[in-house]
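K.L.:
Would you mind keeping the following structure in view while I ask a few things?
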Amino acid sequence: MSTTNIILCGVGGQGTVLASKLTAAASMAKGLEVRSAETIGMAQRGGSVLSYLRIGSCSSPLIKSGCADLVIGFEPAETVRALSYLKQGGTVITSDRAMMPVTAALQGSDYEGSKMTDFLKSLEGGLIGKLVIVNTDQALADLDSAKVMNMVLLGAAARGGYLGQVGIEDIKEALVKKVKPQFHELNFKALEYASV
Amino acid sequence: MHKEFLMGNEAIGMACIAAGVNVVAGYPGTPSTEVLETIAKENDGSVYVEWSVNEKAALEVAAGAAYSGARTLVTMKQVGLNVASDPLMSLEYVGVKGGMVVLVADDPGPISSQTEQDTRTFAEYSKVPCFDPSDAKEAYEMIFEAFALSEKYNTPVFMRPTTRVCHSYQSIDVRDYAEYEDHRPEGFVKDSKRWVIFPKLSYANHAKIEERNGALSDEFSSNERNSVTAGTVRKGIAAQGISFANVKDILDDAREQGKKVPALLKISTPFPFPEKLACEFMKSVDEVLVIEELDPFIERHLLQVCGKFGVSVKITGKLTGTVARSGENMPDLIAKYISDFMGWESSSCALPQTPELPVRPPVLCAGCPHRASFYAVKKAMKGKETIFAGDIGCYTLGNAMPLDMVDTCLCMGAGLGIAQGVGRVKPDTKCFAFVGDSTFFASAITGVVNAVYNQADMTLIVLDNSTTAMTGHQPHPGTGHTMMGEFTDKIDIEKILRGIGVETVVRQDPFKLDEAVETVKKVADEPGVKAIIFEAPCAVLFKPETPYEVDLNRCVDCKMCIREIGCPGVVLKDGHVAVDPALCNGCGLCSQICPCEAIGKAVKE
């Protein structure tokens with residue numbers, strides 16, 4: 001059986017962990033094996049973070065370059081950084097909102113998210129088979145919550161069929177078990193938000 | 001049994017509970033911390049769990065409990081083992097009664113450590129048997145075997161996962177509550193011939209230990225965790241831990257593609273080294289590639305096996321420069337090693353040139369009190385000859401620009417000694433040592449005693465944020481609560497300092513910038529050993545106050561706020577200075593720096 005390889009990337013503190021755990025729980029409920037690995041420690045303080053998630057039979061939680069079926073990016077530059085993991089024709093689902101590192105502010109550098117998303121667009125049809133860019137500011141305003149970006153991105157992946165055998169209903173079932181009832185409706189809305 | 005999705009460290013913790021562990025002691029340190037936290041959170045109240053003041057204390061508490069027949073676990077990161085090594089070296093000679101597992105998490109990379117030391121090498125040096133799991137599932141199962149082995153041979157046993165095993169998650173079979181073991185220790189039984197170490201006892205026990213380790217080598221050769229998977233050519237790969245998992249994935253793929261594959265030796269109990277199994281493996285091949293992280297431990301032992309058993313095999317690895325001597329063996333690197341070894345074509349796809357990506361070094365959080373403390377000292381000492389000796393904790397990040405306030409960092413508690421040493425060479429230097437509250441208790445107090453006794457001239461800055469922040473906010477002697485959830489009297493840092501004989505000890509709120517600068521100037525000018533305790537809680541522990549905002553009518557974009565303190569909450573937006581309300585926690589430090597009074601509390605609409 002083939003393995004579905006997923007990279008979740010962002011900046012420390014953005015909360016990639018819940019998205020990864022929900023997908024894992026949904027996969028386990030289907031009787032699938034899951035492995036994942038995360039960045040923990042000093043890098044969490046505003047550094048680049050990367051989570052690996054592998055659904056199906058394998059021995060290592062780590063993913064080789066060019067072997068990820070899907071990259072879920074919480075920050076556009078981090079998405080670009082993680083592209084080396086993407087397999088030819090793989091899927092990229094990313095937020096467009098740039099997080100400015102302190103070093104960039106200090107140097108007065110002009111890092112802009114649009115540079116990154118433009119670059120991603122230029123790869124569509126080549127390295128990137130399917131690209132979904134979520135307008136994060138718009139999404140968070142529409143959903144009236146600053147905390148559900150992970151569910152917006154994960155929902156896009158699930159509804160697009162990019163999580164292997166795991167679908168949107170599986171994610172919702174896992175969510176009901178993991179998240180407090182008062183947040184179910186908001187999270188469901190977030191999961192359904194992005195168009196794929 | 002039932003399935004759970006567990007982090008390696010959680011798996012180890014859950015296995016210890018299921019194995020009936022009675023006493024658990026440790027000191028926090030990435031990547032080991034979650035083991036003890038899991039046990040504290042998940043046990044039914046029958047397990048005694050403590051964060052000890054340091055690793056030496058933890059090991060000694062566990063030793064006493066193990067003498068009393070308790071099953072015990074000690075947890076630490078690899079550099080913590082250096083602190084615990086004094087009691088451990090002797091404990092191996094004395095032995096234990098209840099099972100004792102010493103969990104030491106190694107950190108190839110290193111990802112968040114000072115060294116790339118290898119606990120397998122320490123195991124050989126200390127003669128303590130060692131388990132080396134390749135994933136969370138194996139770590140879970142090994143714990144039961146480690147306790148059994150410890151009790152069978154009355155020896156402490158190392159369990160040494162590496163970061164990628166500690167912090168990877170896996171769906172694994174774990175025991176139901178009904179399947180947990182119930183271990184009841186009988187208590188300490190006096191027997192001075194057994195528990196009091198004397199040269200005569202050490203001599204007698206040393207001989208027994210060497211004999212036992214010889215026997216253990218044979219026992220490990222038939223242990224199923226060490227295995228040989230046959231290949232289709234006379235070549236072999238030897239591997240361990242996460243490297244083994246990565247090698248296995250690559251070889252499984254190759255087999256599927258119909259390629260000829262090498263034999264694969266997996267070493268899960270590196271010490272005492274399973275020589276007989278290794279010898280059989282070596283006889284089946286002409287050439288071996290060893291893929292392991294940290295020291296060339298397996299490689300050296302295979303070389304030894306060749307000489308001892310007269311086997312002629314070419315061995316490549318770290319010692320031949322074939323495999324990198326330092327850093328992690330990431331899957332891409334391993335794929336290249338194997339392709340080169342097997343003569344496979346290596347598949348590399350060229351990536352398009354990416355735009356320049358922002359560098360993201362870790363930084364002190366927005367609102368972190370350490371930033372304010374460092375800045376106050378920096379301002380007060382401007383233009384003076386100084387040394388700022390740093391230490392281990394979040395505040396090591398004070399070295400980053402623009403603060404640039406950490407001149408040295410060595411190991412836990414070392415800053416005090418270093419500040420004294422620098423002053424001995426150039427007495428007119430203003431010598432500062434910065435130490436956090438947890439590190440102060442862990443290993444800085446002796447440094448203060450040394451300074452007072454030897455009449456050093458230095459200023460100690462205690463950065464007291466009331467927690468052990470870097471490793472995830474563990475309690476310590478100054479926090480007023482324990483890992484058992486009990487409230488205790490806080491041990492007062494000022495009283496300790498005064499008790500030692502430090503006469504000038506000033507408590508100061510670092511966020512009152514002008515006042516803090518004056519305090520530093522005044523205190524640093526006094527002779528002898530003096531201390532300032534900067535008191536302000538860790539920014540992560542409390543709900544942020546109202547964020548600040550920039551009044552664009554007043555701001556002249558001088559960017560002094562950004563250039564002086566480098567807070568991640570102050571950003572450039574469309575070329576102008578702005579406060580990111582999602583990050584700002586309202587500490588107000590930037591507002592005290594702004595020369596135009598342009599930064600103030602945001603007014604709610």
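Just remember, in the structure tokens the first chain shown is A, the second B, etc., residues are 1-based per chain, and ligands are 1-based in the order shown.
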Which residues of chain A sit at most 6 Å from chain B, using only C-alpha atoms? Give each one's shortest atom pair and distance in Å (one decimal place), in chain and ascending residue order, as JSON lines.
P.N.:
{"residue": "A:Val34", "atom": "CA", "partner": "B:Ser171", "partner_atom": "CA", "distance": 5.7}
{"residue": "A:Arg35", "atom": "CA", "partner": "B:Gln170", "partner_atom": "CA", "distance": 4.5}
{"residue": "A:Ser36", "atom": "CA", "partner": "B:Tyr169", "partner_atom": "CA", "distance": 4.9}
{"residue": "A:Ala37", "atom": "CA", "partner": "B:Ser168", "partner_atom": "CA", "distance": 4.0}
{"residue": "A:Ala43", "atom": "CA", "partner": "B:Pro362", "partner_atom": "CA", "distance": 5.5}
{"residue": "A:Arg45", "atom": "CA", "partner": "B:Pro362", "partner_atom": "CA", "distance": 5.0}
{"residue": "A:Gly46", "atom": "CA", "partner": "B:Pro362", "partner_atom": "CA", "distance": 5.2}
{"residue": "A:Gly47", "atom": "CA", "partner": "B:Pro362", "partner_atom": "CA", "distance": 4.8}
{"residue": "A:Ser59", "atom": "CA", "partner": "B:Ala245", "partner_atom": "CA", "distance": 4.9}
{"residue": "A:Ser60", "atom": "CA", "partner": "B:Ala245", "partner_atom": "CA", "distance": 4.8}
{"residue": "A:Lys64", "atom": "CA", "partner": "B:Pro331", "partner_atom": "CA", "distance": 5.4}
{"residue": "A:Pro101", "atom": "CA", "partner": "B:Arg360", "partner_atom": "CA", "distance": 5.8}
{"residue": "A:Val102", "atom": "CA", "partner": "B:Pro568", "partner_atom": "CA", "distance": 5.3}
{"residue": "A:Ala105", "atom": "CA", "partner": "B:Leu572", "partner_atom": "CA", "distance": 5.9}
K.L.:
Mind dumping the selected residues with N, CA, C and O atoms as a PDB file, in the first residue's frame?
P.N.:
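Writing the result to selection30.pdb gives the following:
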ATOM      1  N   VAL A  34       0.054   5.647  11.094  1.00  0.00           N
ATOM      2  CA  VAL A  34       0.473   7.039  10.952  1.00  0.00           C
ATOM      3  C   VAL A  34       1.787   7.271  11.682  1.00  0.00           C
ATOM      4  O   VAL A  34       2.012   6.724  12.762  1.00  0.00           O
ATOM      5  N   ARG A  35       2.627   8.081  11.070  1.00  0.00           N
ATOM      6  CA  ARG A  35       3.826   8.564  11.763  1.00  0.00           C
ATOM      7  C   ARG A  35       3.955  10.058  11.515  1.00  0.00           C
ATOM      8  O   ARG A  35       3.603  10.545  10.454  1.00  0.00           O
ATOM      9  N   SER A  36       4.456  10.778  12.501  1.00  0.00           N
ATOM     10  CA  SER A  36       4.716  12.196  12.275  1.00  0.00           C
ATOM     11  C   SER A  36       5.908  12.630  13.111  1.00  0.00           C
ATOM     12  O   SER A  36       6.314  11.937  14.034  1.00  0.00           O
ATOM     13  N   ALA A  37       6.478  13.767  12.748  1.00  0.00           N
ATOM     14  CA  ALA A  37       7.600  14.327  13.514  1.00  0.00           C
ATOM     15  C   ALA A  37       7.485  15.834  13.487  1.00  0.00           C
ATOM     16  O   ALA A  37       7.037  16.408  12.502  1.00  0.00           O
ATOM     17  N   ALA A  43      13.689  26.331  18.386  1.00  0.00           N
ATOM     18  CA  ALA A  43      13.194  26.849  17.111  1.00  0.00           C
ATOM     19  C   ALA A  43      11.748  27.326  17.216  1.00  0.00           C
ATOM     20  O   ALA A  43      11.272  28.098  16.390  1.00  0.00           O
ATOM     21  N   ARG A  45      10.606  29.399  19.148  1.00  0.00           N
ATOM     22  CA  ARG A  45      10.562  30.829  19.438  1.00  0.00           C
ATOM     23  C   ARG A  45      10.733  31.645  18.154  1.00  0.00           C
ATOM     24  O   ARG A  45      11.743  32.272  17.940  1.00  0.00           O
ATOM     25  N   GLY A  46       9.722  31.574  17.289  1.00  0.00           N
ATOM     26  CA  GLY A  46       9.739  32.412  16.089  1.00  0.00           C
ATOM     27  C   GLY A  46      10.549  31.864  14.934  1.00  0.00           C
ATOM     28  O   GLY A  46      10.692  32.533  13.918  1.00  0.00           O
ATOM     29  N   GLY A  47      11.106  30.657  15.070  1.00  0.00           N
ATOM     30  CA  GLY A  47      11.890  30.081  13.986  1.00  0.00           C
ATOM     31  C   GLY A  47      11.012  29.344  12.980  1.00  0.00           C
ATOM     32  O   GLY A  47       9.807  29.237  13.150  1.00  0.00           O
ATOM     33  N   SER A  59       8.705   3.126   7.792  1.00  0.00           N
ATOM     34  CA  SER A  59       9.506   2.939   9.001  1.00  0.00           C
ATOM     35  C   SER A  59       9.936   4.240   9.658  1.00  0.00           C
ATOM     36  O   SER A  59      10.093   4.321  10.865  1.00  0.00           O
ATOM     37  N   SER A  60      10.188   5.272   8.848  1.00  0.00           N
ATOM     38  CA  SER A  60      10.677   6.544   9.387  1.00  0.00           C
ATOM     39  C   SER A  60       9.582   7.594   9.336  1.00  0.00           C
ATOM     40  O   SER A  60       8.777   7.602   8.413  1.00  0.00           O
ATOM     41  N   LYS A  64      11.738  12.197   2.481  1.00  0.00           N
ATOM     42  CA  LYS A  64      12.862  12.589   1.614  1.00  0.00           C
ATOM     43  C   LYS A  64      12.459  13.731   0.693  1.00  0.00           C
ATOM     44  O   LYS A  64      11.281  13.932   0.418  1.00  0.00           O
ATOM     45  N   PRO A 101      10.165  38.303   9.872  1.00  0.00           N
ATOM     46  CA  PRO A 101      11.089  38.010  10.975  1.00  0.00           C
ATOM     47  C   PRO A 101      11.772  39.283  11.480  1.00  0.00           C
ATOM     48  O   PRO A 101      11.903  40.251  10.721  1.00  0.00           O
ATOM     49  N   VAL A 102      12.178  39.264  12.743  1.00  0.00           N
ATOM     50  CA  VAL A 102      12.818  40.440  13.346  1.00  0.00           C
ATOM     51  C   VAL A 102      14.037  40.872  12.535  1.00  0.00           C
ATOM     52  O   VAL A 102      14.285  42.047  12.326  1.00  0.00           O
ATOM     53  N   ALA A 105      13.087  43.113   9.758  1.00  0.00           N
ATOM     54  CA  ALA A 105      12.730  44.453  10.226  1.00  0.00           C
ATOM     55  C   ALA A 105      13.995  45.252  10.551  1.00  0.00           C
ATOM     56  O   ALA A 105      14.114  46.427  10.243  1.00  0.00           O
TER      57      ALA A 105
END
K.L.:
What's the 12 Å shell around Pro156 (chain B), counting only C-alpha atoms, without same-chain residues fewer than 3 positions away, as a PyMOL selection string?
P.N.:
chain B and resi 59+62-63+66-67+71-74+87-103+123+126-131+146-153+159+209
K.L.:
Which residue out of B:Val540, B:Cys16, B:Leu302, B:Ala419 has the minimum interatomic distance to Tyr140 (chain B) when only C-alpha atoms are used?
P.N.:
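The shortest atom-to-atom distance to Tyr140 (chain B) comes from B:Cys16.
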K.L.:
Give me, as a VMD selection string, all polymer residues having an atom no more than 12 Å from Gly214 (chain B), counting only C-alpha atoms and skipping those fewer than 5 positions away in the same chain.
P.N.:
chain B and resid 127 129 207 to 209 219 to 221 271 to 276
K.L.:
Assign secondary structure with DSSP using the backbone only, and return the residues of chain A in strand (DSSP E) as a ChimeraX atom specification.
P.N.:
/A:4-11,34-37,48-55,68-73,86-95,128-134
K.L.:
Could you save those same residues with C-alpha atoms as a tab-separated table (two decimals), in the first residue's frame?
P.N.:
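The result, stored in out_22.tsv:
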chain	number	residue	atom	x	y	z
A	4	THR	CA	0.70	9.57	1.69
A	5	ASN	CA	3.45	12.02	2.63
A	6	ILE	CA	2.47	15.42	3.96
A	7	ILE	CA	4.61	18.39	5.03
A	8	LEU	CA	3.12	21.07	7.29
A	9	CYS	CA	5.29	24.15	7.60
A	10	GLY	CA	5.15	27.57	9.20
A	11	VAL	CA	6.64	29.76	11.89
A	34	VAL	CA	0.47	7.04	10.95
A	35	ARG	CA	3.83	8.56	11.76
A	36	SER	CA	4.72	12.20	12.27
A	37	ALA	CA	7.60	14.33	13.51
A	48	SER	CA	10.91	28.04	10.92
A	49	VAL	CA	9.04	24.90	11.90
A	50	LEU	CA	8.30	21.82	9.84
A	51	SER	CA	6.08	18.84	10.61
A	52	TYR	CA	6.22	15.56	8.72
A	53	LEU	CA	3.11	13.41	8.49
A	54	ARG	CA	3.06	9.99	6.84
A	55	ILE	CA	-0.11	7.96	6.43
A	68	ALA	CA	5.79	14.81	-0.40
A	69	ASP	CA	2.36	14.49	-1.99
A	70	LEU	CA	1.19	17.62	-0.23
A	71	VAL	CA	2.71	20.73	1.35
A	72	ILE	CA	0.44	22.70	3.70
A	73	GLY	CA	2.04	26.08	4.35
A	86	LEU	CA	7.33	18.32	-2.95
A	87	LYS	CA	7.15	15.56	-5.52
A	88	GLN	CA	6.71	16.48	-9.18
A	89	GLY	CA	3.07	17.40	-9.69
A	90	GLY	CA	2.29	17.50	-5.98
A	91	THR	CA	-0.21	19.75	-4.23
A	92	VAL	CA	0.50	23.00	-2.36
A	93	ILE	CA	-2.06	24.63	-0.08
A	94	THR	CA	-0.76	27.81	1.50
A	95	SER	CA	-1.67	30.93	3.44
A	128	ILE	CA	3.18	22.07	-8.50
A	129	GLY	CA	0.27	20.07	-9.89
A	130	LYS	CA	-2.37	21.83	-7.83
A	131	LEU	CA	-1.98	25.16	-6.00
A	132	VAL	CA	-4.44	26.61	-3.50
A	133	ILE	CA	-3.61	30.04	-2.06
A	134	VAL	CA	-5.84	31.13	0.80
K.L.:
CA of Glu385 (chain B) and CA of Cys431 (chain B) are how many Å apart?
P.N.:
8.8 Å
K.L.:
Which of these residues is nearest to Ala19 (chain A), using only C-alpha atoms: A:Ser114, A:Gln165, A:Asn150, A:Ser57?
P.N.:
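Comparing A:Ser114, A:Gln165, A:Asn150, A:Ser57 against Ala19 (chain A), the winner is A:Asn150.
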